[in-house]
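Peer 1: The structure file protein30.cif (mmCIF, C-alpha atoms and all ligand atoms) is provided below.
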data_protein
loop_
_atom_site.label_atom_id
_atom_site.label_comp_id
_atom_site.auth_asym_id
_atom_site.auth_seq_id
_atom_site.Cartn_x
_atom_site.Cartn_y
_atom_site.Cartn_z
CA MET X 710 -10.26 -14.88 -12.39
CA GLU X 711 -13.54 -15.19 -10.56
CA ARG X 712 -15.74 -12.38 -9.28
CA ILE X 713 -16.94 -13.37 -5.81
CA ASN X 714 -19.08 -10.35 -4.94
CA ARG X 715 -20.29 -7.03 -6.23
CA TRP X 716 -22.41 -4.15 -5.00
CA ARG X 717 -23.83 -1.10 -6.80
CA SER X 718 -22.35 1.96 -5.09
CA HIS X 719 -21.91 5.66 -5.88
CA GLY X 720 -23.01 5.12 -9.46
CA GLY X 721 -20.38 2.43 -10.04
CA TRP X 722 -19.57 -1.13 -8.94
CA GLN X 723 -17.65 -2.23 -5.89
CA GLU X 724 -16.36 -5.70 -6.74
CA VAL X 725 -14.28 -8.43 -5.09
CA TRP X 726 -12.30 -10.91 -7.19
CA ARG X 727 -10.26 -14.06 -6.56
CA HIS X 728 -7.48 -15.40 -8.79
CA ASP X 729 -4.57 -17.84 -8.63
CA SER X 730 -1.28 -16.02 -8.19
CA ALA X 731 1.85 -17.47 -9.77
CA GLU X 732 3.98 -15.29 -7.48
CA THR X 733 2.49 -16.35 -4.14
CA GLY X 734 1.43 -19.84 -5.27
CA THR X 735 -1.95 -19.24 -3.62
CA PRO X 736 -5.40 -17.92 -4.46
CA MET X 737 -5.45 -14.15 -3.86
CA GLU X 738 -8.36 -11.76 -3.41
CA PHE X 739 -8.58 -8.07 -4.19
CA SER X 740 -11.32 -5.45 -4.28
CA ILE X 741 -11.83 -3.00 -7.13
CA PHE X 742 -14.14 0.02 -7.45
CA LEU X 743 -15.19 0.65 -11.04
CA PRO X 744 -16.90 3.97 -11.78
CA ASP X 745 -19.44 3.72 -14.60
CA GLY X 746 -18.06 4.53 -18.03
CA GLU X 747 -16.06 2.92 -20.78
CA GLY X 748 -12.69 4.31 -19.81
CA PRO X 749 -9.83 3.90 -19.97
CA MET X 750 -9.69 5.37 -16.46
CA PRO X 751 -6.78 6.28 -14.19
CA VAL X 752 -5.94 3.76 -11.47
CA VAL X 753 -5.21 4.27 -7.77
CA TRP X 754 -3.53 1.33 -6.02
CA TYR X 755 -4.20 1.23 -2.25
CA LEU X 756 -1.97 -0.93 -0.05
CA SER X 757 -3.26 -1.85 3.40
CA GLY X 758 -1.56 -2.25 6.74
CA LEU X 759 -0.86 -5.01 9.24
CA THR X 760 -3.71 -7.48 9.88
CA CYS X 761 -5.69 -6.22 6.87
CA ASN X 762 -7.08 -7.75 3.72
CA TRP X 763 -9.08 -5.94 0.99
CA SER X 764 -12.07 -5.54 3.27
CA ASN X 765 -10.72 -2.99 5.76
CA VAL X 766 -10.36 -0.07 3.36
CA THR X 767 -13.26 -1.23 1.22
CA GLU X 768 -15.66 -1.14 4.17
CA LYS X 769 -14.17 1.73 6.19
CA GLY X 770 -12.03 3.82 3.83
CA GLU X 771 -14.80 6.03 2.39
CA PHE X 772 -13.07 6.34 -0.99
CA ARG X 773 -15.96 5.71 -3.39
CA ALA X 774 -17.52 9.19 -3.55
CA ALA X 775 -14.21 10.78 -4.58
CA CYS X 776 -13.38 7.96 -7.01
CA ALA X 777 -16.81 8.26 -8.65
CA LYS X 778 -16.49 12.05 -8.86
CA HIS X 779 -13.06 11.90 -10.50
CA GLY X 780 -13.53 8.68 -12.50
CA LEU X 781 -10.78 6.76 -10.70
CA ILE X 782 -10.50 2.97 -10.49
CA PHE X 783 -9.45 2.00 -6.94
CA VAL X 784 -7.75 -1.37 -6.29
CA ALA X 785 -7.11 -2.85 -2.83
CA PRO X 786 -4.97 -6.02 -2.81
CA ASP X 787 -4.44 -8.35 0.17
CA THR X 788 -1.40 -7.89 2.43
CA SER X 789 0.01 -11.44 2.28
CA PRO X 790 -0.52 -14.88 0.82
CA ARG X 791 -3.15 -16.89 2.73
CA GLY X 792 -4.00 -20.54 3.31
CA GLU X 793 -3.29 -23.58 5.45
CA ALA X 794 -0.03 -24.33 3.62
CA VAL X 795 1.38 -20.79 3.99
CA PRO X 796 3.84 -20.47 6.89
CA ASP X 797 2.94 -17.95 9.59
CA ASP X 798 4.65 -16.39 12.58
CA PRO X 799 5.29 -19.28 15.02
CA GLU X 800 3.49 -17.38 17.80
CA GLY X 801 0.77 -16.10 15.46
CA ALA X 802 1.94 -12.51 15.99
CA TYR X 803 0.05 -9.87 14.01
CA ASP X 804 3.20 -8.14 12.71
CA PHE X 805 4.77 -10.98 10.72
CA GLY X 806 3.56 -13.70 8.34
CA LEU X 807 -0.15 -13.79 7.47
CA GLY X 808 -1.49 -10.26 7.05
CA ALA X 809 2.04 -8.88 7.21
CA GLY X 810 3.81 -9.47 3.89
CA PHE X 811 5.53 -6.05 4.00
CA TYR X 812 5.50 -5.83 0.16
CA VAL X 813 8.77 -7.81 0.11
CA ASP X 814 10.03 -10.66 -2.09
CA SER X 815 11.40 -12.99 0.57
CA THR X 816 14.70 -14.73 -0.08
CA ARG X 817 14.70 -17.01 3.00
CA ALA X 818 13.16 -20.38 3.81
CA PRO X 819 10.43 -21.08 4.68
CA TRP X 820 9.04 -17.68 3.61
CA ALA X 821 10.45 -17.33 0.09
CA THR X 822 8.01 -19.75 -1.57
CA ASN X 823 4.85 -17.73 -0.90
CA TYR X 824 5.90 -14.33 0.46
CA ARG X 825 6.43 -12.52 -2.86
CA MET X 826 4.19 -9.52 -2.28
CA ARG X 827 6.58 -7.10 -4.00
CA SER X 828 6.38 -8.91 -7.34
CA TYR X 829 2.69 -9.62 -6.82
CA VAL X 830 1.75 -5.96 -6.32
CA GLU X 831 4.42 -4.42 -8.53
CA THR X 832 4.11 -6.71 -11.55
CA GLU X 833 1.69 -9.65 -11.50
CA LEU X 834 -1.47 -7.85 -10.40
CA PRO X 835 -1.15 -4.82 -12.74
CA THR X 836 -0.36 -7.12 -15.69
CA LEU X 837 -3.44 -9.22 -14.93
CA LEU X 838 -5.85 -6.39 -14.19
CA ARG X 839 -5.08 -4.31 -17.25
CA GLN X 840 -6.40 -7.24 -19.34
CA HIS X 841 -9.73 -7.32 -17.48
CA PHE X 842 -10.58 -3.73 -16.59
CA PRO X 843 -10.58 -0.41 -18.51
CA MET X 844 -7.39 0.87 -16.89
CA ASP X 845 -5.25 3.66 -18.29
CA MET X 846 -1.80 2.41 -17.28
CA ASP X 847 -0.25 5.73 -18.27
CA ARG X 848 -2.16 7.32 -15.40
CA GLN X 849 -1.43 5.45 -12.17
CA ALA X 850 -1.10 6.54 -8.55
CA ILE X 851 -0.23 4.54 -5.44
CA MET X 852 -1.17 5.09 -1.82
CA GLY X 853 -1.34 3.11 1.40
CA HIS X 854 -1.59 3.00 5.17
CA SER X 855 1.08 2.09 7.74
CA MET X 856 2.77 -1.09 6.38
CA GLY X 857 0.90 -0.29 3.16
CA GLY X 858 2.19 3.27 3.32
CA HIS X 859 5.67 1.78 3.39
CA GLY X 860 4.66 -0.35 0.41
CA ALA X 861 3.32 2.64 -1.51
CA LEU X 862 6.40 4.75 -0.81
CA THR X 863 8.92 2.05 -1.71
CA ILE X 864 7.09 0.74 -4.78
CA GLY X 865 6.56 4.35 -5.89
CA LEU X 866 10.20 5.26 -5.39
CA ARG X 867 11.46 2.17 -7.21
CA ASN X 868 9.07 2.72 -10.15
CA ALA X 869 8.99 6.50 -10.37
CA ALA X 870 8.15 6.64 -14.08
CA ARG X 871 4.98 4.61 -13.51
CA PHE X 872 3.27 6.69 -10.84
CA ARG X 873 2.26 10.32 -11.27
CA SER X 874 1.66 10.65 -7.52
CA VAL X 875 2.42 8.73 -4.32
CA SER X 876 0.71 9.22 -0.96
CA ALA X 877 0.44 7.59 2.43
CA PHE X 878 -1.43 7.69 5.72
CA ALA X 879 0.83 7.06 8.72
CA PRO X 880 3.46 5.13 6.72
CA ILE X 881 6.30 3.13 8.25
CA CYS X 882 8.90 5.58 6.95
CA ALA X 883 12.14 3.87 7.99
CA PRO X 884 11.51 0.11 8.34
CA THR X 885 15.20 -0.67 8.76
CA GLU X 886 15.14 1.38 11.99
CA CYS X 887 11.89 0.32 13.69
CA PRO X 888 10.83 -2.90 15.45
CA TRP X 889 8.10 -3.87 12.93
CA GLY X 890 10.48 -3.46 9.99
CA GLN X 891 13.48 -5.06 11.64
CA LYS X 892 11.46 -8.13 12.59
CA ALA X 893 9.96 -8.51 9.10
CA LEU X 894 12.99 -7.69 6.97
CA GLY X 895 15.29 -9.74 9.24
CA GLN X 896 13.18 -12.84 8.65
CA TYR X 897 12.03 -12.34 5.04
CA LEU X 898 15.49 -11.22 3.84
CA GLY X 899 17.97 -12.37 6.50
CA PRO X 900 20.54 -10.49 8.58
CA ASP X 901 22.44 -8.68 5.79
CA GLN X 902 20.99 -5.19 6.15
CA GLU X 903 22.30 -4.12 2.75
CA THR X 904 19.51 -6.23 1.24
CA TRP X 905 16.93 -4.27 3.29
CA ALA X 906 17.72 -0.89 1.71
CA GLU X 907 15.38 -1.25 -1.28
CA TYR X 908 12.53 -1.71 1.21
CA ASP X 909 13.18 1.50 3.15
CA ALA X 910 11.80 4.77 1.76
CA CYS X 911 14.38 6.93 3.55
CA ARG X 912 17.27 4.84 2.28
CA LEU X 913 15.87 4.84 -1.27
CA ILE X 914 15.66 8.65 -1.19
CA GLU X 915 19.17 8.90 0.27
CA GLY X 916 20.29 6.65 -2.59
CA GLY X 917 18.89 9.01 -5.23
CA ALA X 918 15.31 7.77 -5.81
CA ARG X 919 12.68 10.47 -6.39
CA VAL X 920 8.94 10.62 -7.10
CA ALA X 921 6.99 13.23 -9.05
CA ALA X 922 4.63 14.13 -6.19
CA LEU X 923 4.62 12.95 -2.57
CA LYS X 924 2.03 13.50 0.16
CA VAL X 925 1.91 12.04 3.69
CA ASP X 926 -0.63 12.60 6.47
CA GLN X 927 -0.09 11.46 10.03
CA GLY X 928 -2.22 11.53 13.18
CA ALA X 929 -0.50 13.19 16.14
CA ALA X 930 -2.34 10.86 18.58
CA ASP X 931 -1.17 7.71 16.73
CA GLY X 932 0.32 5.33 19.31
CA PHE X 933 2.82 4.03 16.73
CA LEU X 934 4.11 7.47 15.74
CA ASP X 935 7.45 7.63 17.53
CA ASN X 936 8.57 4.01 17.76
CA GLN X 937 7.34 2.56 14.44
CA LEU X 938 6.36 5.23 11.90
CA MET X 939 8.95 8.06 12.30
CA PRO X 940 7.73 10.60 9.72
CA GLY X 941 10.48 12.97 10.91
CA LYS X 942 13.04 10.68 9.28
CA LEU X 943 11.18 10.85 5.95
CA ASP X 944 10.92 14.62 6.23
CA ALA X 945 14.66 14.89 6.92
CA ALA X 946 15.57 12.55 4.05
CA CYS X 947 13.35 14.51 1.64
CA LYS X 948 14.72 17.86 2.77
CA ALA X 949 18.33 16.67 2.41
CA ALA X 950 17.61 15.26 -1.05
CA GLY X 951 15.46 18.11 -2.38
CA GLN X 952 12.46 15.75 -2.75
CA PRO X 953 9.26 17.82 -2.30
CA LEU X 954 7.00 16.34 0.42
CA GLU X 955 3.59 17.58 1.56
CA LEU X 956 3.53 16.39 5.18
CA GLY X 957 0.54 17.00 7.43
CA LEU X 958 0.42 16.27 11.19
CA HIS X 959 -3.11 16.22 12.59
CA GLU X 960 -3.90 16.78 16.27
CA GLY X 961 -6.13 14.17 17.90
CA TYR X 962 -6.18 11.60 15.07
CA ASP X 963 -4.98 8.05 15.79
CA HIS X 964 -3.87 5.14 13.55
CA SER X 965 -7.35 3.88 12.70
CA TYR X 966 -9.68 4.07 9.73
CA TYR X 967 -11.43 6.99 11.48
CA PHE X 968 -8.22 8.91 10.65
CA ILE X 969 -7.77 7.43 7.17
CA SER X 970 -11.37 8.08 6.09
CA SER X 971 -11.09 11.71 7.29
CA PHE X 972 -8.29 12.43 4.82
CA MET X 973 -9.13 9.94 2.06
CA GLY X 974 -11.14 12.49 0.04
CA ALA X 975 -8.31 15.04 0.15
CA HIS X 976 -5.78 12.41 -0.97
CA LEU X 977 -7.96 11.31 -3.87
CA ASP X 978 -8.63 14.91 -4.94
CA TRP X 979 -4.85 15.42 -4.91
CA HIS X 980 -4.18 12.21 -6.90
CA ALA X 981 -6.91 13.15 -9.38
CA ALA X 982 -5.30 16.54 -9.96
CA HIS X 983 -2.04 14.79 -10.88
CA LEU X 984 -3.71 12.02 -12.88
CA THR X 985 -5.88 14.25 -14.99
CA ALA X 986 -3.43 17.14 -15.47
N1 LIG X 1001 -3.09 -3.06 17.53
C1 LIG X 1001 -3.39 -3.53 16.20
C2 LIG X 1001 -2.19 -3.32 15.33
C3 LIG X 1001 -2.50 -3.51 13.92
C4 LIG X 1001 -3.07 -2.28 13.29
O1 LIG X 1001 -3.25 -1.21 13.88
N2 LIG X 1001 -3.33 -2.45 12.02
C5 LIG X 1001 -3.74 -1.34 11.22
C6 LIG X 1001 -2.72 -1.22 10.10
S1 LIG X 1001 -1.07 -1.12 10.74
C7 LIG X 1001 -5.11 -1.60 10.63
O2 LIG X 1001 -5.44 -1.04 9.61
N3 LIG X 1001 -5.91 -2.46 11.26
C8 LIG X 1001 -7.17 -2.89 10.72
C9 LIG X 1001 -8.34 -1.97 10.88
O3 LIG X 1001 -8.25 -0.97 11.60
O4 LIG X 1001 -9.37 -2.26 10.25
C10 LIG X 1001 -3.74 -5.01 16.27
O5 LIG X 1001 -3.15 -5.70 17.11
O6 LIG X 1001 -4.58 -5.48 15.47
#
Would you kindly transcribe this structure into structure tokens?
Ligand SMILES: N[C@@H](CCC(=O)N[C@@H](CS)C(=O)NCC(=O)O)C(=O)O

Peer 2:
Amino acid sequence: MERINRWRSHGGWQEVWRHDSAETGTPMEFSIFLPDGEGPMPVVWYLSGLTCNWSNVTEKGEFRAACAKHGLIFVAPDTSPRGEAVPDDPEGAYDFGLGAGFYVDSTRAPWATNYRMRSYVETELPTLLRQHFPMDMDRQAIMGHSMGGHGALTIGLRNAARFRSVSAFAPICAPTECPWGQKALGQYLGPDQETWAEYDACRLIEGGARVAALKVDQGAADGFLDNQLMPGKLDAACKAAGQPLELGLHEGYDHSYYFISSFMGAHLDWHAAHLTA
């Protein structure tokens, strides 16, 4: 593992690291905010959306003040494998391939070799980082935005014992039912929709999965709200299953980091309350 940058910020260090991933077969980069102190400290995993790498939330997410205040380590992985040898959408579309790994372990050629973002985020990265940083792995939370909100919800639901709290900004709530999800899951996993279910938060909840604490915020002026994100389906699935959900709909906010940064502090305060209880 190689540290490629670091900046003093909010009484801690904002760092960027590169390492070789066995899962993706490529070098991968992530950012990590480390409050000062010996730790071990609770960890918040933040999964980003389409077109993003670690830099979007790190530069625009405004998470450091809350993380410093609460003593939270904040990790932002990339959203896909990268590199010349990694296959991409044939038309270079933003919603599939590079920057669009969907937190899936692909089972189909030519994607399956590198597109293993589920195992990378769920297993490889936590196993690696706990050896290098003062992380308290008994106190973990996961959050994300859009495609990363889908990642946070599905990884949280499949690993409920590991995360004390799960939250999302404008998540893709029902990927099996929206164009972004159908395009990605159809190609990464193939046409058998039974194999898609473990990558759909609503279907996981319908199938019995639960999390300890769940919070979602959504902008009402988000152009992707009705055709891609569908928070109403998550609300309905949670209500039917008895899964508590704190769902906020916010007039005037869109899909951007202006929305995310407005609610980031509240999400981190909420995670901290669960992580330090
Ligand atoms: N219209 C956008 C769609 C992608 C998009 O909105 N991406 C969101 C996540 S789904 C994002 O965080 N973009 C990067 C940023 O705002 O910094 C594009 O074509 O780039």

Peer 1: Dump as a Markdown table the rows for residues of chain X within 9 Å of ligand LIG 1001 (chain X): closest atom pair and distance in Å with one decimal, all atoms listed in the file counted, ordered by chain and rising residue number.

Peer 2:
| residue | atom | partner | partner_atom | distance |
| --- | --- | --- | --- | --- |
| X:Ser757 | CA | X:LIG1001 | O2 | 6.6 |
| X:Gly758 | CA | X:LIG1001 | C6 | 3.7 |
| X:Leu759 | CA | X:LIG1001 | S1 | 4.2 |
| X:Thr760 | CA | X:LIG1001 | N2 | 5.5 |
| X:Cys761 | CA | X:LIG1001 | C8 | 5.3 |
| X:Asn762 | CA | X:LIG1001 | C8 | 8.5 |
| X:Ser764 | CA | X:LIG1001 | O4 | 8.2 |
| X:Asn765 | CA | X:LIG1001 | O4 | 4.7 |
| X:Val766 | CA | X:LIG1001 | O4 | 7.3 |
| X:Glu768 | CA | X:LIG1001 | O4 | 8.8 |
| X:Lys769 | CA | X:LIG1001 | O4 | 7.4 |
| X:Ala802 | CA | X:LIG1001 | O5 | 8.6 |
| X:Tyr803 | CA | X:LIG1001 | O5 | 6.1 |
| X:Asp804 | CA | X:LIG1001 | C3 | 7.4 |
| X:His854 | CA | X:LIG1001 | C6 | 6.6 |
| X:Ser855 | CA | X:LIG1001 | S1 | 4.9 |
| X:Met856 | CA | X:LIG1001 | S1 | 5.8 |
| X:Gly857 | CA | X:LIG1001 | S1 | 7.9 |
| X:Ala879 | CA | X:LIG1001 | S1 | 8.6 |
| X:Pro880 | CA | X:LIG1001 | S1 | 8.7 |
| X:Ile881 | CA | X:LIG1001 | S1 | 8.9 |
| X:Phe933 | CA | X:LIG1001 | O1 | 8.5 |
| X:His964 | CA | X:LIG1001 | O1 | 6.4 |
| X:Ser965 | CA | X:LIG1001 | O3 | 5.1 |
| X:Tyr966 | CA | X:LIG1001 | O3 | 5.6 |
| X:Tyr967 | CA | X:LIG1001 | O3 | 8.6 |

Peer 1: So how many Å separate atom CA of Trp905 of chain X and atom CA of Asp814 of chain X, to one decimal?

Peer 2: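 Separation between atom CA of Trp905 of chain X and atom CA of Asp814 of chain X: 10.8 Å.
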
Peer 1: With 10 Å as the threshold, what does the neighbourhood of (-14.1, 13.0, -5.1) contain in terms of residues, counting all atoms listed in the file? Coordinates are those of the file; answer as a list of chain:residue names.

Peer 2: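 The residues that fall inside the cut-off are X:Phe772, X:Arg773, X:Ala774, X:Ala775, X:Cys776, X:Ala777, X:Lys778, X:His779, X:Gly780, X:Leu781, X:Met973, X:Gly974, X:Ala975, X:His976, X:Leu977, X:Asp978, X:Trp979, X:Ala981.
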
Peer 1: Please compute the atom CA of Trp763 of chain X-atom CA of Thr904 of chain X distance, one decimal, in Å.

Peer 2: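 Computed distance, atom CA of Trp763 of chain X to atom CA of Thr904 of chain X, equals 28.6 Å.
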
Peer 1: Can you list, as a list in words, every protein, DNA or RNA residue that comes within 9 Å of Arg912 of chain X when you count all atoms listed in the file, leaving out same-chain residues fewer than 4 positions away?

Peer 2: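 Contacts, in chain order: Ala883, Thr885, Ala906, Glu907, Tyr908, Gly916, Gly917, Ala918 and Ala946 of chain X.
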
Peer 1: Take the residues from that selection and write them out as an mmCIF file, in the coordinates of the input, keeping C-alpha atoms.

Peer 2:
data_model
loop_
_atom_site.group_PDB
_atom_site.id
_atom_site.type_symbol
_atom_site.label_atom_id
_atom_site.label_comp_id
_atom_site.auth_asym_id
_atom_site.auth_seq_id
_atom_site.Cartn_x
_atom_site.Cartn_y
_atom_site.Cartn_z
ATOM 1 C CA ALA X 883 12.140 3.870 7.990
ATOM 2 C CA THR X 885 15.200 -0.670 8.760
ATOM 3 C CA ALA X 906 17.720 -0.890 1.710
ATOM 4 C CA GLU X 907 15.380 -1.250 -1.280
ATOM 5 C CA TYR X 908 12.530 -1.710 1.210
ATOM 6 C CA GLY X 916 20.290 6.650 -2.590
ATOM 7 C CA GLY X 917 18.890 9.010 -5.230
ATOM 8 C CA ALA X 918 15.310 7.770 -5.810
ATOM 9 C CA ALA X 946 15.570 12.550 4.050
#

Peer 1: Report, in Å with one decimal, the straight-line distance from atom CA of Gly932 of chain X to atom CA of His859 of chain X.

Peer 2: 17.2 Å

Peer 1: Rank nothing, just name the residue among X:Gln896, X:Cys887, X:Gly961, X:Gly951 nearest to Met939 of chain X, using all atoms listed in the file.

Peer 2: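 Nearest candidate to Met939 of chain X out of X:Gln896, X:Cys887, X:Gly961, X:Gly951: X:Cys887.
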
Peer 1: Ranking X:Trp754, X:Tyr824, X:Tyr962, X:Phe811 by minimum distance to Ser876 of chain X and counting all atoms listed in the file, which one comes first?

Peer 2: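 Answer, going by the shortest atom-to-atom distance: X:Trp754.
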
Peer 1: Using only C-alpha atoms for the distances, tell me which of X:Phe872, X:Gln891, X:Thr735, X:Ser740 is nearest to Glu831 of chain X.

Peer 2: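 Nearest to Glu831 of chain X: X:Phe872.
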
Peer 1: Compile the contact shell of Val795 of chain X as a list in words: residues with an atom at most 10 Å away, counting all atoms listed in the file, same-chain residues fewer than 6 positions apart removed.

Peer 2: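 These residues fall inside the cut-off: Thr733, Gly734, Thr735, Ser789, Gly806, Leu807, Pro819, Trp820, Thr822, Asn823 and Tyr824 of chain X.
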
Peer 1: Taking all atoms of segment 849-854 of chain X that the file lists and extending 4 Å past them on each side, where is the centre of the axis-aligned box and how long are its edges? Answer in Å to one decimal, as JSON.

Peer 2:
{"center_x": -0.9, "center_y": 4.8, "center_z": -3.5, "size_x": 9.4, "size_y": 11.5, "size_z": 25.3}

Peer 1: So which one's closest to Ala982 of chain X, X:Ala893, X:Phe742, X:Arg871, X:Ala922? Using all atoms listed in the file, please.

Peer 2: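 Going through X:Ala893, X:Phe742, X:Arg871, X:Ala922 one by one, the smallest distance to Ala982 of chain X is for X:Ala922.
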